[in-house]
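Data file: my_file.txt. Format and content: compact mmCIF, C-alpha atoms.
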# COMPACT_ATOMS: atom_id res chain seq x y z
CA MET A 1 2.78 -18.90 3.28
CA PRO A 2 5.38 -16.11 3.39
CA ALA A 3 4.11 -12.54 2.85
CA LEU A 4 6.76 -9.92 2.09
CA ILE A 5 6.35 -6.15 2.39
CA ASP A 6 5.71 -5.07 -1.19
CA HIS A 7 4.97 -1.36 -0.87
CA LEU A 8 3.78 1.49 1.30
CA VAL A 9 0.76 3.52 0.20
CA ILE A 10 0.79 7.31 0.44
CA ALA A 11 -2.63 8.74 -0.42
CA ALA A 12 -2.80 12.25 -1.86
CA ARG A 13 -5.65 14.54 -2.88
CA THR A 14 -3.83 15.17 -6.17
CA LEU A 15 -0.75 13.53 -7.62
CA ASP A 16 1.01 16.89 -7.84
CA GLU A 17 0.53 17.39 -4.10
CA GLY A 18 1.92 13.91 -3.55
CA VAL A 19 5.05 14.67 -5.56
CA GLN A 20 5.62 17.92 -3.64
CA TRP A 21 5.15 16.08 -0.34
CA CYS A 22 7.69 13.45 -1.38
CA GLU A 23 10.35 15.99 -2.30
CA ALA A 24 9.80 17.97 0.91
CA THR A 25 9.60 14.94 3.24
CA LEU A 26 12.05 12.45 1.76
CA GLY A 27 14.28 14.74 -0.27
CA VAL A 28 13.75 12.72 -3.44
CA ALA A 29 11.43 13.19 -6.42
CA PRO A 30 9.44 10.13 -7.55
CA ARG A 31 10.45 8.98 -11.02
CA ASN A 32 8.09 6.19 -12.07
CA GLY A 33 4.37 5.67 -12.19
CA GLY A 34 1.35 5.41 -14.40
CA SER A 35 -2.42 5.16 -14.73
CA HIS A 36 -4.94 2.57 -13.49
CA PRO A 37 -7.99 2.76 -15.79
CA LEU A 38 -9.75 0.03 -13.79
CA MET A 39 -9.83 2.25 -10.67
CA GLY A 40 -9.53 5.73 -12.15
CA THR A 41 -6.34 6.40 -10.23
CA HIS A 42 -2.74 7.22 -11.05
CA ASN A 43 0.51 6.96 -9.11
CA MET A 44 4.20 7.73 -8.76
CA LEU A 45 6.76 5.33 -7.28
CA LEU A 46 10.12 5.22 -5.52
CA PRO A 47 12.17 2.15 -4.52
CA LEU A 48 12.62 1.47 -0.80
CA GLY A 49 14.38 -1.89 -1.00
CA GLY A 50 17.75 -2.94 0.26
CA ASP A 51 19.11 -5.94 2.09
CA ALA A 52 16.28 -5.85 4.64
CA PHE A 53 13.22 -5.41 2.41
CA ALA A 54 14.04 -6.44 -1.15
CA GLN A 55 11.75 -5.33 -4.00
CA CYS A 56 9.96 -2.86 -1.74
CA TYR A 57 8.77 0.55 -2.91
CA LEU A 58 6.75 3.63 -2.01
CA GLU A 59 3.55 4.38 -3.91
CA ILE A 60 2.02 7.86 -4.03
CA ILE A 61 -1.53 7.45 -5.32
CA ALA A 62 -4.44 9.78 -6.07
CA ILE A 63 -7.74 9.79 -7.91
CA ASP A 64 -7.19 10.76 -11.54
CA PRO A 65 -9.81 13.45 -12.37
CA SER A 66 -9.33 12.87 -16.10
CA GLN A 67 -10.75 9.35 -16.14
CA ARG A 68 -13.71 7.38 -14.86
CA PRO A 69 -13.05 3.91 -13.42
CA THR A 70 -13.87 1.06 -15.80
CA ARG A 71 -14.81 -0.99 -12.72
CA ASP A 72 -18.51 -1.37 -11.91
CA GLU A 73 -19.89 1.95 -10.63
CA ALA A 74 -21.30 0.23 -7.53
CA MET A 75 -17.79 -0.70 -6.40
CA HIS A 76 -15.37 1.68 -4.72
CA ARG A 77 -11.75 2.42 -5.54
CA TRP A 78 -8.98 0.64 -3.68
CA PHE A 79 -7.35 1.94 -0.47
CA ASP A 80 -10.48 3.84 0.68
CA LEU A 81 -9.82 6.59 -1.87
CA ASP A 82 -13.57 7.15 -2.25
CA ASP A 83 -14.00 7.63 1.49
CA HIS A 84 -15.17 11.17 2.20
CA ALA A 85 -13.43 11.43 5.59
CA LEU A 86 -10.13 10.31 4.07
CA GLN A 87 -10.39 12.84 1.25
CA GLN A 88 -11.23 15.60 3.73
CA ALA A 89 -8.15 14.74 5.78
CA LEU A 90 -5.95 14.75 2.67
CA ALA A 91 -7.33 18.15 1.66
CA HIS A 92 -6.73 19.55 5.15
CA ASP A 93 -3.43 17.91 6.13
CA GLY A 94 -1.87 16.89 2.82
CA PRO A 95 -0.60 13.50 1.62
CA HIS A 96 -0.50 10.77 4.23
CA LEU A 97 0.70 7.23 4.85
CA VAL A 98 -2.49 5.18 4.90
CA HIS A 99 -1.66 1.54 4.18
CA PHE A 100 0.80 -1.13 3.11
CA VAL A 101 0.63 -4.00 0.65
CA ALA A 102 2.05 -7.49 1.19
CA ARG A 103 3.34 -9.67 -1.64
CA VAL A 104 2.30 -13.33 -1.51
CA PRO A 105 3.05 -16.29 -3.81
CA ASP A 106 -0.62 -17.34 -4.02
CA VAL A 107 -3.10 -14.56 -3.32
CA ARG A 108 -6.19 -16.75 -3.56
CA ALA A 109 -4.77 -19.16 -0.98
CA ALA A 110 -3.99 -16.23 1.32
CA VAL A 111 -7.54 -14.87 1.01
CA HIS A 112 -8.93 -18.32 1.76
CA ALA A 113 -6.68 -18.65 4.81
CA LEU A 114 -7.84 -15.30 6.21
CA ALA A 115 -11.50 -16.23 5.73
CA ALA A 116 -11.06 -19.47 7.70
CA GLU A 117 -10.58 -19.95 11.43
CA PRO A 118 -9.44 -18.29 13.58
CA THR A 119 -9.67 -14.89 11.87
CA HIS A 120 -12.75 -15.09 9.59
CA ILE A 121 -11.68 -11.93 7.74
CA GLU A 122 -13.08 -11.12 4.30
CA ARG A 123 -10.07 -9.49 2.63
CA GLY A 124 -12.00 -8.87 -0.61
CA ARG A 125 -12.19 -10.09 -4.17
CA VAL A 126 -9.08 -11.09 -6.06
CA ILE A 127 -9.06 -8.95 -9.18
CA GLU A 128 -6.76 -8.75 -12.17
CA ALA A 129 -5.06 -5.42 -12.85
CA SER A 130 -2.38 -4.15 -15.19
CA ARG A 131 -0.70 -1.09 -16.62
CA ASP A 132 1.85 -0.45 -19.34
CA THR A 133 5.29 0.96 -18.55
CA PRO A 134 8.33 1.80 -20.70
CA ALA A 135 9.99 -1.32 -19.26
CA GLY A 136 7.07 -3.60 -20.07
CA ARG A 137 3.55 -4.46 -19.00
CA LEU A 138 2.90 -4.88 -15.30
CA GLU A 139 0.28 -7.48 -14.40
CA TRP A 140 -0.90 -8.43 -10.94
CA LEU A 141 -3.64 -10.00 -8.85
CA ILE A 142 -4.77 -7.91 -5.89
CA THR A 143 -7.39 -8.03 -3.15
CA VAL A 144 -9.96 -5.21 -3.30
CA ARG A 145 -13.18 -5.20 -1.33
CA ASP A 146 -16.30 -3.95 -3.11
CA ASP A 147 -16.55 -1.17 -0.50
CA GLY A 148 -12.87 -0.28 -0.99
CA GLN A 149 -12.10 -0.58 2.73
CA ARG A 150 -8.53 -1.19 3.88
CA LEU A 151 -9.62 -2.77 7.22
CA PHE A 152 -8.07 -2.24 10.68
CA TYR A 153 -7.45 1.43 9.83
CA GLY A 154 -5.14 0.34 7.03
CA LEU A 155 -3.08 -1.97 9.25
CA LEU A 156 -4.19 -5.23 7.62
CA PRO A 157 -2.31 -5.27 4.33
CA THR A 158 -3.85 -5.55 0.93
CA LEU A 159 -2.50 -8.72 -0.70
CA ILE A 160 -0.83 -8.75 -4.11
CA GLU A 161 0.57 -11.43 -6.41
CA TRP A 162 2.76 -10.10 -9.21
CA GLY A 163 3.22 -11.50 -12.68
CA PRO A 164 6.69 -12.00 -14.19
CA VAL A 165 7.60 -8.28 -13.94
CA HIS A 166 7.86 -6.33 -10.68
CA PRO A 167 7.82 -2.48 -10.60
CA THR A 168 11.22 -2.30 -8.90
CA ASP A 169 12.87 -4.23 -11.74
CA SER A 170 13.25 -1.00 -13.71
CA MET A 171 13.73 1.49 -10.86
CA ALA A 172 17.05 3.25 -10.27
CA ASP A 173 18.22 3.44 -6.68
CA ALA A 174 16.81 6.52 -4.90
CA ARG A 175 18.89 6.16 -1.71
CA LEU A 176 15.79 5.32 0.32
CA ARG A 177 15.63 2.27 2.57
CA LEU A 178 12.72 0.93 4.56
CA VAL A 179 14.01 0.11 8.05
CA GLY A 180 10.87 -1.32 9.62
CA LEU A 181 7.12 -1.20 10.17
CA LYS A 182 5.42 -0.86 13.53
CA LEU A 183 1.66 -1.34 13.96
CA THR A 184 -0.49 -0.42 16.94
CA HIS A 185 -4.20 -1.19 17.24
CA PRO A 186 -6.75 -1.61 20.06
CA ARG A 187 -7.38 -5.19 18.82
CA ALA A 188 -3.70 -6.05 18.54
CA PRO A 189 -4.12 -9.83 19.17
CA VAL A 190 -6.67 -10.14 16.36
CA LEU A 191 -4.50 -8.16 13.96
CA ALA A 192 -1.40 -10.15 14.94
CA ALA A 193 -3.26 -13.41 14.34
CA ALA A 194 -4.29 -12.24 10.86
CA LEU A 195 -0.72 -11.26 9.99
CA GLU A 196 0.49 -14.63 11.22
CA VAL A 197 -2.05 -16.48 9.07
CA ILE A 198 -0.69 -14.87 5.91
CA GLY A 199 2.92 -15.08 7.09
CA VAL A 200 3.79 -11.38 7.21
CA ASP A 201 7.46 -10.66 7.91
CA GLU A 202 8.19 -11.06 11.63
CA ARG A 203 10.05 -7.73 11.58
CA VAL A 204 6.62 -6.08 11.33
CA THR A 205 5.73 -5.54 14.99
CA VAL A 206 2.22 -5.28 16.45
CA ASP A 207 1.40 -3.67 19.81
CA ALA A 208 -1.75 -2.54 21.60
CA GLY A 209 -2.63 1.13 21.33
CA PRO A 210 -4.43 3.70 19.18
CA PRO A 211 -4.50 2.78 15.47
CA ASN A 212 -1.22 3.76 13.86
CA LEU A 213 1.12 2.54 11.15
CA VAL A 214 4.70 3.76 11.52
CA ALA A 215 7.15 3.28 8.67
CA THR A 216 10.78 4.15 9.39
CA ILE A 217 12.79 5.09 6.30
CA ASP A 218 16.41 6.07 5.85
CA THR A 219 16.64 8.99 3.39
CA PRO A 220 19.36 11.33 2.05
CA ARG A 221 18.17 13.73 4.77
CA GLY A 222 18.42 11.20 7.57
CA ARG A 223 15.93 8.85 9.18
CA VAL A 224 12.24 9.73 8.72
CA ALA A 225 9.20 8.20 10.46
CA LEU A 226 5.91 8.29 8.55
CA GLU A 227 2.73 7.71 10.57
CA SER A 228 -0.87 6.99 9.60
CA LYS A 229 -2.27 8.08 13.00
CA GLY A 230 -5.52 6.24 12.50
CA LEU A 231 -6.40 7.82 9.17

Show me this structure written as structure tokens.
Amino acid sequence: MPALIDHLVIAARTLDEGVQWCEATLGVAPRNGGSHPLMGTHNMLLPLGGDAFAQCYLEIIAIDPSQRPTRDEAMHRWFDLDDHALQQALAHDGPHLVHFVARVPDVRAAVHALAAEPTHIERGRVIEASRDTPAGRLEWLITVRDDGQRLFYGLLPTLIEWGPVHPTDSMADARLRLVGLKLTHPRAPVLAAALEVIGVDERVTVDAGPPNLVATIDTPRGRVALESKGL
């Protein structure tokens, strides 16, 4: 069951702050994005793909103050965006790498595999989501826990299964390339076993250490390393 790196998640207190962070950090302004009525969020995107990680992109996401989620009020937004500590950190330190999403051919099978031995991990419900874009309607299945938690400090990827259209299909090259992902966690063997179950790209390395997700990206300004640092 191969799982490919689909996108990196940059959480921001506001989308404007996320755009400013992107221009200052990567030297490129995001050009695509839209609204998620289901979650009450909105985003901006930039392609990261190349020969190494095809159809990969960067997502800058924030809560949209102009809309209320259409999802049940008892359920939280994806990527821990309702978490108070996360929002405090974003307000204090600015936008931050918090997570990554893996693309799988059968998301329900991947969720079932994680819930079985040896990992017994509840990755969350598989929900249907969509948004309209100038290039067509995007439709996908994605895992979202009712509590919104990312798990393993964001190091266990959310799983996604795209419909016939992928966001990068209509993105112009931004001269950004994902070089690699490095994960460290105190429970590295457990995390590595979970990644193996879903078939995450072997170029994603896992080592023991404090929780951290490091994404290395080649940019017009040179090589940049983004870190989650346990957020």

- Task: In Å, rounded to a single decimal, give me how far atom CA of Val28 of chain A is from atom CA of Leu15 of chain A.
- Result: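 Atom CA of Leu15 of chain A sits 15.1 Å away from atom CA of Val28 of chain A.
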
- Quote the spacing between atom CA of Asp106 of chain A and atom CA of Ile63 of chain A in Å to one decimal place.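 So the two atoms, atom CA of Asp106 of chain A and atom CA of Ile63 of chain A, lie 28.3 Å apart.
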
- Task: Quick one: residues within 9 Å of (-8.5, -0.3, -16.1) (file frame), counting only C-alpha atoms, please, as JSON, numbers by chain.
- Result: {"A": [35, 36, 37, 38, 39, 40, 69, 70, 71, 129, 130, 131]}

- Query: Of the candidates A:Pro164, A:Pro95, A:Pro105, A:Pro210, which one gets nearest to Ala11 of chain A if we count all atoms listed in the file?
  - Reply: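 The shortest atom-to-atom distance to Ala11 of chain A comes from A:Pro95.
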
Distance cut-off 12 Å, centre (-4.4, -14.8, 16.3) in file coordinates, counting all atoms listed in the file: which residues qualify? Return them as a short mmCIF file (atom, residue, chain, number, x, y, z; two decimals) with C-alpha atoms, keeping the file's coordinate frame.
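Okay, this is what ended up in selection23.cif:
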data_model
loop_
_atom_site.label_atom_id
_atom_site.label_comp_id
_atom_site.auth_asym_id
_atom_site.auth_seq_id
_atom_site.Cartn_x
_atom_site.Cartn_y
_atom_site.Cartn_z
CA LEU A 114 -7.84 -15.30 6.21
CA ALA A 116 -11.06 -19.47 7.70
CA GLU A 117 -10.58 -19.95 11.43
CA PRO A 118 -9.44 -18.29 13.58
CA THR A 119 -9.67 -14.89 11.87
CA HIS A 120 -12.75 -15.09 9.59
CA ILE A 121 -11.68 -11.93 7.74
CA ARG A 187 -7.38 -5.19 18.82
CA ALA A 188 -3.70 -6.05 18.54
CA PRO A 189 -4.12 -9.83 19.17
CA VAL A 190 -6.67 -10.14 16.36
CA LEU A 191 -4.50 -8.16 13.96
CA ALA A 192 -1.40 -10.15 14.94
CA ALA A 193 -3.26 -13.41 14.34
CA ALA A 194 -4.29 -12.24 10.86
CA LEU A 195 -0.72 -11.26 9.99
CA GLU A 196 0.49 -14.63 11.22
CA VAL A 197 -2.05 -16.48 9.07
CA ILE A 198 -0.69 -14.87 5.91
CA GLY A 199 2.92 -15.08 7.09
CA VAL A 206 2.22 -5.28 16.45
#

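The protein and nucleic acid residues lying at most 8 Å from Asp201 of chain A are A:Pro2, A:Ala3, A:Leu4, A:Ile5, A:Val204, with all atoms listed in the file considered and sequence neighbours fewer than 3 positions away removed.
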
- Task: Using only C-alpha atoms, pick whichever of A:Ile217, A:Leu159, A:Leu138, A:Ala74 has the shortest atom-to-atom distance to His112 of chain A.
- Result: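 Using only C-alpha atoms, His112 of chain A sits closest to A:Leu159.
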
- Non-local contacts of Val214 of chain A (6 Å; all atoms listed in the file; under 4 positions in same chain excluded) as a ChimeraX atom specification: /A:181-182,226-227

- Which of A:Leu90, A:Leu48, A:Ala208, A:Val101 sits closest to Ala62 of chain A [using all atoms listed in the file]: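 Distance minimum relative to Ala62 of chain A lands on A:Leu90.
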
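Within the 6 Å cut-off around Ile60 of chain A, using only C-alpha atoms and omitting residues fewer than 2 positions from it on the same chain, the listed residues are Ile10, Ala11, Asn43 and Met44 of chain A.
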
Could you save those same residues with C-alpha atoms as a CSV table (one decimal), keeping the file's coordinate frame?
chain,number,residue,atom,x,y,z
A,10,ILE,CA,0.8,7.3,0.4
A,11,ALA,CA,-2.6,8.7,-0.4
A,43,ASN,CA,0.5,7.0,-9.1
A,44,MET,CA,4.2,7.7,-8.8

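The smallest atom-to-atom distance between Val107 of chain A and any of A:Gln67, A:Thr216, A:Thr158, A:Gln20, using all atoms listed in the file, is found for A:Thr158.
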
- Task: Do a neighbour search on segment 144-151 of chain A at 6 Å with only C-alpha atoms, toss out local chain neighbours closer than 3 positions, and write the hits as a PyMOL selection string.
- Result: chain A and resi 75-80+124-125+154+156

- With only C-alpha atoms as the basis for distance, which of A:Ala29, A:Leu155, A:Leu97, A:Met171 is at the shortest distance from Leu183 of chain A?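 Residue with the minimum atom-to-atom distance to Leu183 of chain A: A:Leu155.
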
- Query: Which is closest to Gly94 of chain A among A:His166, A:Arg13, A:Arg123, A:Arg31, if we use all atoms listed in the file?
  - Reply: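 Smallest distance to Gly94 of chain A is found for A:Arg13.
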
- atom CA of Asp132 of chain A to atom CA of Gly50 of chain A: how many Å, to one decimal?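 Separation between atom CA of Asp132 of chain A and atom CA of Gly50 of chain A: 25.4 Å.
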